Every structure is written in C-alpha cells, then in structure tokens.
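Text of the file run00.cif, holding mmCIF, C-alpha atoms and all ligand atoms:
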data_run
#
loop_
_atom_site.label_atom_id
_atom_site.label_comp_id
_atom_site.auth_asym_id
_atom_site.auth_seq_id
_atom_site.Cartn_x
_atom_site.Cartn_y
_atom_site.Cartn_z
CA MET A 1419 82.75 81.80 74.81
CA THR A 1420 84.69 85.03 75.20
CA SER A 1421 88.03 84.09 76.72
CA ALA A 1422 90.34 86.25 78.80
CA ALA A 1423 92.53 86.66 75.71
CA GLU A 1424 89.50 87.92 73.75
CA VAL A 1425 88.63 90.32 76.59
CA MET A 1426 92.15 91.78 76.46
CA LEU A 1427 91.96 91.98 72.66
CA ARG A 1428 88.63 93.83 72.82
CA CYS A 1429 90.06 96.35 75.28
CA SER A 1430 92.93 97.05 72.89
CA GLU A 1431 90.49 97.28 69.95
CA LEU A 1432 88.75 100.12 71.79
CA ASP A 1433 92.09 101.99 71.89
CA ALA A 1434 91.51 102.77 68.21
CA PHE A 1435 88.73 105.20 69.16
CA THR A 1436 90.81 108.11 70.36
CA ALA A 1437 90.92 111.86 69.80
CA SER A 1438 94.70 111.86 69.60
CA PRO A 1439 97.08 110.14 67.17
CA THR A 1440 99.70 109.88 69.91
CA HIS A 1441 97.72 108.69 72.94
CA LEU A 1442 94.37 107.29 74.11
CA GLU A 1443 91.80 109.97 74.86
CA ARG A 1444 88.07 109.31 74.55
CA THR A 1445 85.74 111.73 76.25
CA HIS A 1446 82.04 112.29 76.72
CA LEU A 1447 79.82 112.73 73.64
CA THR A 1448 82.71 112.93 71.20
CA PRO A 1449 82.93 111.12 67.84
CA GLN A 1450 85.28 108.68 69.59
CA HIS A 1451 82.64 107.96 72.22
CA ARG A 1452 80.09 107.24 69.49
CA ALA A 1453 82.62 105.06 67.63
CA ALA A 1454 83.42 103.02 70.75
CA ASN A 1455 79.75 102.38 71.49
CA ALA A 1456 79.41 100.56 68.17
CA PRO A 1457 81.70 97.52 68.73
CA VAL A 1458 80.48 97.26 72.34
CA ALA A 1459 76.93 97.09 70.99
CA GLY A 1460 78.07 94.37 68.60
CA TRP A 1461 79.64 92.34 71.39
CA MET A 1462 76.47 92.75 73.45
CA ARG A 1463 74.33 91.46 70.58
CA ARG A 1464 76.68 88.48 70.09
CA ALA A 1465 76.20 87.80 73.79
CA GLY A 1466 72.46 87.52 73.18
CA LEU A 1467 71.49 90.88 74.67
CA ARG A 1468 68.89 93.30 73.40
CA VAL A 1469 70.86 96.50 72.83
CA TRP A 1470 69.99 100.19 72.97
CA GLN A 1471 71.69 103.52 73.57
CA ASP A 1472 69.96 105.39 76.35
CA ALA A 1473 69.05 109.09 76.46
CA ALA A 1474 72.40 109.98 78.04
CA GLY A 1475 74.60 108.17 75.50
CA ASN A 1476 75.22 105.06 77.64
CA ILE A 1477 75.26 101.79 75.64
CA CYS A 1478 73.00 99.18 77.25
CA GLY A 1479 72.17 95.52 76.80
CA ARG A 1480 69.56 93.29 78.48
CA ARG A 1481 68.77 89.57 78.72
CA GLU A 1482 65.43 88.68 80.32
CA GLY A 1483 65.36 86.40 83.35
CA ALA A 1484 63.02 83.55 84.23
CA ALA A 1485 60.10 85.77 83.21
CA PRO A 1486 60.00 88.90 81.06
CA GLY A 1487 60.18 92.29 82.75
CA LEU A 1488 61.87 91.21 85.97
CA PRO A 1489 64.07 93.70 87.86
CA ALA A 1490 67.64 93.59 86.59
CA LEU A 1491 71.05 92.92 88.04
CA LEU A 1492 73.14 95.63 86.36
CA LEU A 1493 76.76 94.91 85.40
CA GLY A 1494 78.94 97.63 83.94
CA SER A 1495 81.62 100.27 83.99
CA HIS A 1496 82.65 103.18 81.76
CA LEU A 1497 83.98 103.60 78.21
CA ASP A 1498 85.38 107.11 78.51
CA THR A 1499 89.00 107.80 79.47
CA VAL A 1500 91.29 110.44 80.90
CA PRO A 1501 93.83 112.07 78.55
CA ASP A 1502 96.77 109.73 77.74
CA ALA A 1503 94.93 106.83 79.36
CA GLY A 1504 95.52 103.14 79.70
CA SER A 1505 93.36 100.53 77.98
CA PHE A 1506 91.67 99.02 81.02
CA ASP A 1507 90.29 101.69 83.40
CA GLY A 1508 86.57 101.26 82.71
CA MET A 1509 86.81 99.34 79.46
CA LEU A 1510 87.88 96.11 81.18
CA GLY A 1511 84.77 96.16 83.37
CA VAL A 1512 82.44 96.69 80.42
CA VAL A 1513 84.04 93.98 78.28
CA MET A 1514 84.13 91.54 81.21
CA ALA A 1515 80.45 92.22 81.95
CA VAL A 1516 79.51 91.42 78.35
CA ALA A 1517 81.58 88.22 78.50
CA VAL A 1518 79.93 87.10 81.75
CA ALA A 1519 76.46 87.80 80.35
CA GLU A 1520 77.40 85.72 77.29
CA ARG A 1521 78.74 82.84 79.42
CA LEU A 1522 75.70 82.71 81.67
CA GLY A 1523 73.32 83.05 78.72
CA ALA A 1524 74.97 80.13 76.94
CA ARG A 1525 74.78 77.93 80.06
CA ILE A 1526 71.11 78.81 80.56
CA ASP A 1527 70.28 78.23 76.88
CA ALA A 1528 72.07 74.86 77.06
CA GLY A 1529 69.94 73.91 80.06
CA GLU A 1530 73.01 73.74 82.27
CA LEU A 1531 71.69 76.55 84.48
CA ALA A 1532 68.18 77.55 85.49
CA PRO A 1533 67.09 80.93 84.14
CA LEU A 1534 68.13 83.70 86.52
CA PRO A 1535 65.55 85.18 88.93
CA PHE A 1536 66.30 88.58 87.47
CA ALA A 1537 67.07 90.16 84.12
CA LEU A 1538 70.77 90.72 83.41
CA GLU A 1539 71.75 94.12 82.07
CA VAL A 1540 75.14 95.40 80.94
CA ILE A 1541 75.93 99.10 80.62
CA GLY A 1542 78.88 101.00 79.20
CA PHE A 1543 78.68 104.41 80.86
CA SER A 1544 79.42 107.45 78.72
CA ASP A 1545 81.26 109.64 81.20
CA GLU A 1546 82.84 108.54 84.45
CA GLU A 1547 86.01 110.61 84.36
CA GLY A 1548 84.50 114.03 83.77
CA ALA A 1549 87.54 114.78 81.57
CA ARG A 1550 85.65 116.91 79.01
CA PHE A 1551 83.29 119.00 81.12
CA GLY A 1552 84.92 118.78 84.55
CA THR A 1553 81.99 117.15 86.36
CA ALA A 1554 82.30 113.39 86.68
CA LEU A 1555 79.85 110.47 86.59
CA MET A 1556 77.39 112.19 84.24
CA GLY A 1557 76.50 108.94 82.43
CA SER A 1558 75.78 107.00 85.62
CA ARG A 1559 74.13 109.98 87.29
CA ALA A 1560 71.66 110.13 84.41
CA VAL A 1561 70.84 106.46 85.06
CA ALA A 1562 70.58 107.15 88.80
CA GLY A 1563 68.13 109.98 88.14
CA SER A 1564 70.49 112.51 89.76
CA TRP A 1565 71.09 114.59 86.63
CA ASN A 1566 71.69 118.26 87.39
CA ASP A 1567 70.32 120.78 84.86
CA ASP A 1568 73.03 123.22 85.98
CA TRP A 1569 75.40 121.03 83.98
CA TRP A 1570 73.98 122.09 80.60
CA ASP A 1571 76.11 125.23 80.53
CA LEU A 1572 79.34 123.42 81.42
CA ARG A 1573 81.82 123.99 78.62
CA ASP A 1574 84.78 122.00 77.33
CA ARG A 1575 88.17 123.48 76.45
CA GLU A 1576 86.85 124.57 73.03
CA GLY A 1577 83.94 126.33 74.69
CA VAL A 1578 81.35 123.76 73.54
CA SER A 1579 78.51 123.48 76.05
CA LEU A 1580 77.24 120.14 77.31
CA HIS A 1581 73.89 121.07 75.80
CA GLN A 1582 75.44 121.53 72.38
CA ALA A 1583 77.46 118.32 72.79
CA PHE A 1584 74.22 116.42 73.41
CA LEU A 1585 72.74 117.84 70.20
CA ASP A 1586 75.93 117.12 68.24
CA PHE A 1587 75.83 113.52 69.49
CA GLY A 1588 72.23 113.18 68.29
CA LEU A 1589 70.69 113.21 71.75
CA ASP A 1590 67.80 115.38 72.88
CA PRO A 1591 68.77 117.25 76.07
CA ARG A 1592 65.09 117.48 76.99
CA ARG A 1593 64.91 113.67 77.14
CA VAL A 1594 67.93 112.97 79.36
CA GLY A 1595 65.53 112.02 82.15
CA ASP A 1596 64.45 109.00 80.09
CA ALA A 1597 67.78 107.37 81.04
CA ALA A 1598 66.81 107.29 84.72
CA ARG A 1599 66.05 103.87 86.24
CA ARG A 1600 63.78 103.36 89.24
CA PRO A 1601 65.07 101.45 92.28
CA ASP A 1602 62.32 98.85 91.84
CA GLU A 1603 63.67 98.08 88.37
CA LEU A 1604 67.01 96.92 89.79
CA VAL A 1605 68.23 94.11 92.02
CA GLY A 1606 71.73 95.54 92.38
CA TYR A 1607 74.87 96.65 90.54
CA LEU A 1608 78.22 94.85 90.17
CA GLU A 1609 81.31 96.42 88.62
CA ALA A 1610 84.62 94.78 87.81
CA HIS A 1611 87.53 97.23 87.68
CA ILE A 1612 91.31 97.30 87.94
CA GLU A 1613 92.38 98.30 91.45
CA GLN A 1614 94.28 101.38 90.22
CA GLY A 1615 96.64 100.92 93.13
CA PRO A 1616 99.43 98.61 94.38
CA ARG A 1617 97.74 96.68 97.21
CA LEU A 1618 96.63 93.49 95.41
CA GLU A 1619 100.00 93.18 93.70
CA ALA A 1620 101.81 93.73 97.03
CA ALA A 1621 99.72 90.95 98.62
CA ASP A 1622 100.15 88.75 95.52
CA HIS A 1623 96.36 88.51 95.10
CA ALA A 1624 94.84 88.50 91.62
CA LEU A 1625 91.41 89.61 92.85
CA GLY A 1626 89.88 91.56 95.71
CA PHE A 1627 86.50 92.91 96.80
CA VAL A 1628 85.65 96.51 97.51
CA THR A 1629 84.31 97.53 100.93
CA THR A 1630 83.67 101.21 100.23
CA ILE A 1631 84.44 103.80 97.56
CA ALA A 1632 86.14 107.03 98.64
CA ALA A 1633 84.32 110.25 99.37
CA ALA A 1634 85.53 112.79 96.79
CA ARG A 1635 85.36 116.48 96.03
CA ARG A 1636 86.91 118.51 93.21
CA PHE A 1637 87.53 122.24 93.16
CA ARG A 1638 88.68 124.98 90.83
CA ILE A 1639 90.92 127.36 92.80
CA SER A 1640 91.87 130.79 91.43
CA ILE A 1641 94.67 132.87 92.93
CA THR A 1642 94.71 136.48 91.74
CA GLY A 1643 97.65 138.84 92.27
CA GLU A 1644 99.06 141.41 89.88
CA ALA A 1645 100.99 140.94 86.65
CA ARG A 1646 104.12 143.12 86.76
CA HIS A 1647 107.47 143.51 84.98
CA ALA A 1648 109.84 140.70 86.05
CA GLY A 1649 112.76 143.09 86.08
CA GLY A 1650 111.36 146.32 87.37
CA THR A 1651 109.23 144.99 90.24
CA PRO A 1652 111.04 144.54 93.58
CA TYR A 1653 109.89 141.61 95.71
CA GLU A 1654 108.22 143.82 98.32
CA ARG A 1655 105.99 145.23 95.53
CA ARG A 1656 105.00 141.87 94.08
CA ARG A 1657 101.70 139.99 94.37
CA ASP A 1658 102.92 136.87 92.61
CA ALA A 1659 100.00 134.48 92.04
CA LEU A 1660 102.19 131.55 91.03
CA VAL A 1661 104.41 131.68 94.11
CA GLY A 1662 101.27 131.75 96.26
CA ALA A 1663 99.80 128.85 94.28
CA SER A 1664 103.05 126.92 94.70
CA GLU A 1665 102.90 127.27 98.48
CA ILE A 1666 99.31 126.03 98.30
CA VAL A 1667 100.26 122.97 96.22
CA VAL A 1668 102.84 121.93 98.81
CA ALA A 1669 100.40 122.63 101.66
CA VAL A 1670 97.73 120.45 100.02
CA GLU A 1671 100.07 117.44 100.05
CA ARG A 1672 101.17 118.01 103.66
CA ILE A 1673 97.66 118.58 105.06
CA ALA A 1674 96.07 115.70 103.10
CA ARG A 1675 98.79 113.24 104.14
CA ASP A 1676 98.48 114.27 107.80
CA ALA A 1677 94.69 113.86 107.56
CA GLY A 1678 94.89 110.41 105.95
CA ALA A 1679 93.28 111.87 102.83
CA LEU A 1680 94.53 112.12 99.23
CA GLY A 1681 94.86 115.61 97.75
CA THR A 1682 96.09 116.18 94.20
CA VAL A 1683 96.62 119.33 92.15
CA GLY A 1684 96.49 117.85 88.67
CA ARG A 1685 96.23 121.00 86.60
CA ILE A 1686 97.65 124.55 86.90
CA ALA A 1687 97.28 127.43 84.47
CA VAL A 1688 99.24 130.70 84.81
CA GLN A 1689 98.34 134.07 83.32
CA PRO A 1690 99.52 136.03 81.49
CA GLY A 1691 102.25 133.39 81.08
CA GLY A 1692 105.11 135.57 79.83
CA VAL A 1693 108.59 134.52 80.91
CA ASN A 1694 109.38 138.13 81.85
CA ILE A 1695 106.10 138.84 83.67
CA VAL A 1696 105.30 138.27 87.35
CA PRO A 1697 102.23 135.96 87.19
CA GLY A 1698 99.03 137.82 87.89
CA ARG A 1699 96.80 134.75 88.12
CA ALA A 1700 97.05 131.04 88.74
CA ASP A 1701 94.16 128.57 88.36
CA LEU A 1702 94.51 125.18 90.06
CA SER A 1703 92.44 122.00 90.12
CA LEU A 1704 92.12 120.16 93.42
CA ASP A 1705 91.01 116.51 93.69
CA LEU A 1706 90.41 115.53 97.33
CA ARG A 1707 89.42 112.06 98.60
CA ALA A 1708 89.11 110.17 101.87
CA THR A 1709 87.45 107.05 103.25
CA THR A 1710 84.52 109.01 104.69
CA ASP A 1711 82.70 112.30 103.96
CA ALA A 1712 83.74 113.61 107.40
CA ALA A 1713 87.45 112.84 106.83
CA ARG A 1714 87.28 114.45 103.37
CA ASP A 1715 85.56 117.59 104.64
CA GLY A 1716 87.86 117.85 107.67
CA ALA A 1717 90.88 117.85 105.36
CA TRP A 1718 89.21 120.42 103.11
CA GLN A 1719 88.60 122.83 105.98
CA LYS A 1720 92.29 122.68 106.94
CA ILE A 1721 93.36 123.23 103.33
CA LEU A 1722 90.98 126.17 102.98
CA THR A 1723 92.28 127.78 106.19
CA GLU A 1724 95.87 127.41 104.99
CA MET A 1725 95.05 128.80 101.53
CA ARG A 1726 93.46 131.86 103.11
CA ALA A 1727 96.53 132.42 105.31
CA ILE A 1728 98.90 132.11 102.34
CA CYS A 1729 96.83 134.53 100.24
CA ASP A 1730 96.47 137.04 103.07
CA ALA A 1731 100.23 137.03 103.68
CA ARG A 1732 100.86 137.69 99.97
CA ARG A 1733 97.96 140.11 99.40
CA LEU A 1734 96.41 137.67 96.89
CA ARG A 1735 92.73 137.05 96.21
CA LEU A 1736 91.39 133.51 96.62
CA ASP A 1737 88.35 132.22 94.75
CA VAL A 1738 87.11 128.63 95.11
CA VAL A 1739 84.47 126.81 93.01
CA ASP A 1740 83.20 123.36 93.93
CA THR A 1741 83.15 121.40 90.66
CA HIS A 1742 82.33 117.88 91.86
CA VAL A 1743 81.21 116.18 95.04
CA ALA A 1744 80.57 112.48 95.59
CA PRO A 1745 79.77 110.97 98.99
CA ALA A 1746 81.54 107.82 100.12
CA ALA A 1747 79.70 104.79 98.69
CA PRO A 1748 79.78 101.68 100.91
CA CYS A 1749 79.32 98.37 99.08
CA ALA A 1750 76.28 96.44 100.34
CA PRO A 1751 77.34 93.56 102.63
CA TRP A 1752 75.26 91.02 100.67
CA LEU A 1753 76.96 92.04 97.42
CA GLN A 1754 80.37 92.03 99.10
CA ASP A 1755 79.51 88.46 100.15
CA ALA A 1756 78.54 87.58 96.56
CA VAL A 1757 81.85 88.94 95.23
CA VAL A 1758 83.75 87.06 97.97
CA ALA A 1759 81.88 83.87 97.00
CA GLY A 1760 82.87 84.50 93.40
CA ILE A 1761 86.53 84.95 94.32
CA ARG A 1762 86.49 81.84 96.54
CA ALA A 1763 85.01 79.83 93.64
CA THR A 1764 88.31 80.42 91.82
CA ASP A 1765 90.24 78.67 94.63
CA HIS A 1766 91.69 82.03 95.49
CA PRO A 1767 93.25 82.44 98.93
CA ASP A 1768 91.38 84.46 101.54
CA PRO A 1769 89.88 87.31 99.47
CA LEU A 1770 91.21 90.76 100.30
CA GLY A 1771 88.74 93.58 101.07
CA LEU A 1772 89.92 97.03 99.96
CA TRP A 1773 88.55 100.56 100.11
CA SER A 1774 88.72 102.25 96.73
CA PRO A 1775 90.43 105.65 96.69
CA ALA A 1776 89.53 105.73 92.99
CA GLY A 1777 86.02 106.81 92.12
CA HIS A 1778 83.69 104.65 90.06
CA ASP A 1779 80.26 104.77 88.44
CA ALA A 1780 79.10 102.55 91.29
CA MET A 1781 79.13 105.70 93.47
CA ALA A 1782 76.35 107.22 91.39
CA ILE A 1783 74.39 103.98 91.02
CA ALA A 1784 74.49 103.58 94.82
CA ASP A 1785 71.75 106.24 94.89
CA ILE A 1786 69.22 103.79 93.43
CA THR A 1787 70.44 100.27 94.24
CA ASP A 1788 72.96 98.25 96.22
CA ILE A 1789 76.48 98.09 94.79
CA GLY A 1790 79.35 95.62 94.81
CA MET A 1791 82.75 95.72 93.12
CA LEU A 1792 85.35 93.15 92.06
CA PHE A 1793 88.94 94.42 91.84
CA LEU A 1794 91.62 92.96 89.57
CA ARG A 1795 95.32 93.34 90.23
CA CYS A 1796 96.97 95.80 87.87
CA HIS A 1797 100.63 96.12 86.95
CA ASP A 1798 102.52 98.16 89.58
CA GLY A 1799 99.23 99.85 90.54
CA ILE A 1800 99.57 102.07 87.48
CA SER A 1801 96.43 103.73 86.08
CA HIS A 1802 95.47 106.94 84.24
CA HIS A 1803 98.64 106.19 82.26
CA PRO A 1804 99.40 104.27 79.05
CA ASP A 1805 101.45 101.72 81.02
CA GLU A 1806 98.25 100.51 82.75
CA GLY A 1807 98.22 96.72 82.49
CA VAL A 1808 96.49 93.53 83.65
CA ARG A 1809 97.61 89.91 83.35
CA GLU A 1810 95.58 87.59 81.14
CA ASP A 1811 95.55 84.90 83.82
CA ASP A 1812 94.12 87.42 86.30
CA VAL A 1813 91.42 88.35 83.80
CA ALA A 1814 90.60 84.65 83.40
CA LEU A 1815 90.23 84.35 87.18
CA GLY A 1816 88.24 87.58 87.19
CA LEU A 1817 85.78 86.26 84.60
CA ASP A 1818 85.19 83.11 86.64
CA ALA A 1819 84.81 85.10 89.85
CA PHE A 1820 82.43 87.59 88.20
CA GLU A 1821 80.29 84.77 86.77
CA HIS A 1822 80.13 83.01 90.14
CA ALA A 1823 79.37 86.31 91.87
CA VAL A 1824 76.31 86.77 89.64
CA LEU A 1825 75.18 83.24 90.52
CA ALA A 1826 75.71 84.02 94.19
CA VAL A 1827 73.53 87.11 93.76
CA ALA A 1828 70.88 84.92 92.12
CA GLU A 1829 70.97 82.53 95.06
CA ALA A 1830 70.78 85.33 97.63
CA HIS A 1831 68.04 87.13 95.69
CA ALA A 1832 65.94 83.99 95.26
CA GLY A 1833 66.48 83.12 98.91
CA ALA A 1834 65.33 86.56 100.01
CA ARG A 1835 62.08 86.13 98.08
CA ARG A 1836 61.25 82.62 99.40
O1 LIG B 1901 89.24 109.80 89.39
C1 LIG B 1901 88.92 108.64 89.63
O2 LIG B 1901 89.12 108.17 90.72
C2 LIG B 1901 88.28 107.81 88.58
O3 LIG B 1901 89.27 107.12 87.86
N1 LIG B 1901 87.51 108.63 87.71
MN MN B 1902 89.70 106.62 85.90
MN MN B 1903 87.43 103.92 86.19
#

Mind converting the file's structure to structure tokens?
Ligand code: HGY
Ligand code: MN
Ligand code: MN
Amino acid sequence: MTSAAEVMLRCSELDAFTASPTHLERTHLTPQHRAANAPVAGWMRRAGLRVWQDAAGNICGRREGAAPGLPALLLGSHLDTVPDAGSFDGMLGVVMAVAVAERLGARIDAGELAPLPFALEVIGFSDEEGARFGTALMGSRAVAGSWNDDWWDLRDREGVSLHQAFLDFGLDPRRVGDAARRPDELVGYLEAHIEQGPRLEAADHALGFVTTIAAARRFRISITGEARHAGGTPYERRRDALVGASEIVVAVERIARDAGALGTVGRIAVQPGGVNIVPGRADLSLDLRATTDAARDGAWQKILTEMRAICDARRLRLDVVDTHVAPAAPCAPWLQDAVVAGIRATDHPDPLGLWSPAGHDAMAIADITDIGMLFLRCHDGISHHPDEGVREDDVALGLDAFEHAVLAVAEAHAGARR
C-alpha cells in the first residue's frame, strides 16, 4: 500500500517536471504538464485504475463499483503550479486520492470490504492556478461543462494562444466538450488539500473540513498617465501612472481589510520603465476574495469608487478588465459530514470546520455535483512558495481520514438509495 512516506516522495518526484532550473513552475499544457501526467498515470494504473487523458488534458483514472457503469465518486486536485511553487498545493491531493483508491481497491479485492455502491474516479486537473493564461480552473471547468470559448484567444507571456497550446499539447480544441461530465454520472467530489493558511497549525489540528470556498474575482487594472522627462517635468505638470497605482495598491489593502475581504495586487508592470522617465502607464493585477459573493462584490464596489477618485485627482485614465470570477462554493452538508466522520475515525479531536480563502477545483466541480474538502495542516500556513510543507504523520492521518470519508460517502449514498 502507498504509505504517507511514499505520498511525500511522489510529490517531490513531480518537482522534477518544471519549466525552470531554479524553481518549481508547471503550467497548463506545457511539456512539464505532459511530463507530470505520465508518472501520475503510472501510479493510477498501479492502483488498479483504468487510465485516460481527457479532452482538456486532465489525467483520469477509474475503478468500477459493485456493477459496471455506476455513477462515480470523484477524488482529485490539480497538478499545475504557480511560479516558484511548493510541492504540495494540488499535487498532494492528487497523490493522496490515488493512494486512497489503491487502498480501498486492495481491501475490496481481498474481500475485506464490499464493492462500493459507486465507481471511484481520480482526476489530476490540468489548470487550477490560471498561471499561464490568467483564467483559472480551466481543467475543472472543462469537466464541469462550463468551458468558455472566449478563452481560446487568451495568450501567455510569449503570446501563444490557448488554442495553439491545445494543438501543441496534441489536443483537439474542437473536442474540449468531450471532457464534460453530466451530473447523473457523479455521486460527488472530494478533494484533499493543504490548508494554505495558519489556522489548523494554530489550533494544533492535523486535519480540518471545509465549510465553504471563497468567492473570488480577478481583474487587470490599467492606469494611463503621460510619460515625461523625470528632470524637466514639474510635479504640477505630471500625470504619473505609477504614483496613482501606488495609492491604489494601498487603498486595496485598507478597503479589503475593512470589508473582511482579501485583496492582493500580485503583479505590477510599469511603462516605459526608464529610470529617468515619469511612468506613463501601470498595469496591475487584483485578486479579490471573500466568504460570500455579496461581500466580495461590496468590497469591489468600494475599491472601484476609490480608484476612480484617485485617477480623477491625478488626471489619469482607469481601465478595468474582469479576468476571472468564481462564486462562493459551499460544501454539501452530507459531504462535510463524511469528511468529519473520516477525521473522527483517526481519533482526532473535535474536527475543525474552516472556510477556504484559497480557491480550488472543487469550486468548478460544484456546478455539476456536491463537493467536500479535507484540509491538512501545512507548515506555518505557507503556500505558493517553495517553503510549503506538510508533516508525514499528518499525511498518514489524512490518508486514513480520506479513506474513511469515502466509506462514509458509500454508507450515506447506499442509505439514500434504500
Ligand atoms: O489562488 C488560489 O487560491 C488557488 O491556489 N489557485
Ligand atoms: Mn494554489
Ligand atoms: Mn491548490
């Protein structure tokens, strides 16, 4: 059986598939993505799963239940990363899902367990972060049937379109719809993931269950002023885009904090970028999240009002493009209960329920089936950073909890059909 040590080892093996010699970076439809799908497919086969790559580049595995063709309980997470990533955001959930499918399969084949009342599927999603093309959850949105054909013209930093990236990866853009699953094909979705925050560690809990996943929106904000000579242009004649953008960055933090939301400007680009030129243009990213859609949108309206006031005062032009929107995704009570049952089966103290400010593929899959999530404590809450870490003993507890959660789903599902 795949142990917690083997799970950790597999996550570090996937680090080898990176676009950079100095840090981990594996993005959508790249050679690194293709390379990472291969060992995951191998682990899935060793777990007794039938394996295929779907029309959106997700790597999938399936074990039939008590009868062939039953609806499936889907377990999974993502295999893509942010730039300079840690080894566990996404990858841990995929590797744990394969290990749990292997454990349950072995117990069923040994006659220790009755065959499950559903098929068990594992999926490694191709793009949760949106790091290459700016729009997130494209792998899971293909599975959810919420693919948006406007995405085909999205371009990466080298100017490669998503359409071309599909072709380069060996996929047929016209067939992306084949990845879509129907609600009647699924029983539910469970995802194990590091918390990507400090709350479990602060409470000294190894595991927790997710109550809801944050509502999120992302924007591209362009501030346009006028590039001028840094020496010859008096302040009263300047329309400095970077100073305006800087006021906006500080305002985003203040307004988001006051609104109980989370606003982050993760990227800023300045043009023309000469040290002796007053910046004529500044392009910012904005990542905005809150527990509910209403809280998120309320914070956004305040930020937008403040941005307009700052730009008016400085005679700057403001342009805003929505690049990503994801509604809050509540976890289904019956799947929360299954995850709690799984955690309790590990003699864990009273399981902690947490909202997830981090986004997950479960948000997209929530469009077609009920979702549940198991959180694992991570070192100092660090994520989207190479220092991301999990403890082997927590992963061991997580595997047991995940396995018991699937059995709790089986019990609930069978009970609902009696
Ligand atoms: O941004 C997020 O919350 C996720 O890690 N993609
Ligand atoms: Mn992430
Ligand atoms: Mn993630």

Using only C-alpha atoms and all ligand atoms, which protein or nucleic acid residues are at most 10 Å from ligand MN 1902 (chain B), as a ChimeraX atom specification? /A:1496,1498-1500,1503-1504,1506-1508,1546-1549,1611-1612,1614,1776-1779,1801-1803

Could you jot down the atom CA of Pro1457 of chain A to atom CA of Thr1420 of chain A separation for me, Å, one decimal place? 14.4 Å

Report as a PyMOL selection string all protein, DNA and RNA residues lying within 12 Å of Ala1746 of chain A, evaluated on only C-alpha atoms, omitting residues in the same chain fewer than 4 positions from it. chain A and resi 1629-1635+1707-1715+1773-1778+1780-1782+1784-1785

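Minimum distance to ligand MN 1903 (chain B) across A:Val1605, A:Met1556, A:Leu1510, A:Val1688 (counting all atoms listed in the file) occurs at A:Leu1510.
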
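When only C-alpha atoms are used to measure the gap to Ser1495 of chain A, the shortest distance among A:Pro1439, A:Gly1790, A:Pro1751, A:Gly1807 belongs to A:Gly1790.
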
Tell me which protein, DNA and RNA residues are within 7 Å of segment 1475-1489 of chain A, counting all atoms listed in the file, leaving out same-chain ones fewer than 4 positions away, and put them as a PDB file with C-alpha atoms, keeping the file's coordinate frame.
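Saved as part-v6.pdb:
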ATOM      1  CA  ASN A1455      79.750 102.380  71.490  1.00  0.00           C
ATOM      2  CA  ALA A1459      76.930  97.090  70.990  1.00  0.00           C
ATOM      3  CA  MET A1462      76.470  92.750  73.450  1.00  0.00           C
ATOM      4  CA  GLY A1466      72.460  87.520  73.180  1.00  0.00           C
ATOM      5  CA  LEU A1467      71.490  90.880  74.670  1.00  0.00           C
ATOM      6  CA  ARG A1468      68.890  93.300  73.400  1.00  0.00           C
ATOM      7  CA  VAL A1469      70.860  96.500  72.830  1.00  0.00           C
ATOM      8  CA  TRP A1470      69.990 100.190  72.970  1.00  0.00           C
ATOM      9  CA  GLN A1471      71.690 103.520  73.570  1.00  0.00           C
ATOM     10  CA  PRO A1533      67.090  80.930  84.140  1.00  0.00           C
ATOM     11  CA  LEU A1534      68.130  83.700  86.520  1.00  0.00           C
ATOM     12  CA  PRO A1535      65.550  85.180  88.930  1.00  0.00           C
ATOM     13  CA  PHE A1536      66.300  88.580  87.470  1.00  0.00           C
ATOM     14  CA  ALA A1537      67.070  90.160  84.120  1.00  0.00           C
ATOM     15  CA  LEU A1538      70.770  90.720  83.410  1.00  0.00           C
ATOM     16  CA  GLU A1539      71.750  94.120  82.070  1.00  0.00           C
ATOM     17  CA  VAL A1540      75.140  95.400  80.940  1.00  0.00           C
ATOM     18  CA  ILE A1541      75.930  99.100  80.620  1.00  0.00           C
ATOM     19  CA  GLY A1542      78.880 101.000  79.200  1.00  0.00           C
ATOM     20  CA  PHE A1543      78.680 104.410  80.860  1.00  0.00           C
ATOM     21  CA  SER A1544      79.420 107.450  78.720  1.00  0.00           C
ATOM     22  CA  GLY A1557      76.500 108.940  82.430  1.00  0.00           C
ATOM     23  CA  ASP A1602      62.320  98.850  91.840  1.00  0.00           C
ATOM     24  CA  GLU A1603      63.670  98.080  88.370  1.00  0.00           C
ATOM     25  CA  LEU A1604      67.010  96.920  89.790  1.00  0.00           C
ATOM     26  CA  VAL A1605      68.230  94.110  92.020  1.00  0.00           C
TER      27      VAL A1605
END

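From atom CA of Gly1615 of chain A back to atom CA of Ile1783 of chain A, the distance works out to 22.6 Å.
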
Counting all atoms listed in the file, which of A:Glu1609, A:Asp1730, A:Asp1433, A:Asp1765 gets nearest to ligand MN 1903 (chain B)? A:Glu1609

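Across the model, the gap from atom CA of Ile1800 of chain A to atom CA of Val1824 of chain A is 27.9 Å.
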
For Asp1596 of chain A, find every residue with an atom within 12 Å (counting all atoms listed in the file), except residues of its own chain fewer than 6 positions away, and show them as a ChimeraX atom specification. /A:1471-1476,1560-1565,1589-1590

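Each of A:Leu1753, A:Ala1744, A:Leu1555, A:Ala1687 was compared to ligand MN 1903 (chain B) using all atoms listed in the file, and A:Leu1555 turns out to be the nearest.
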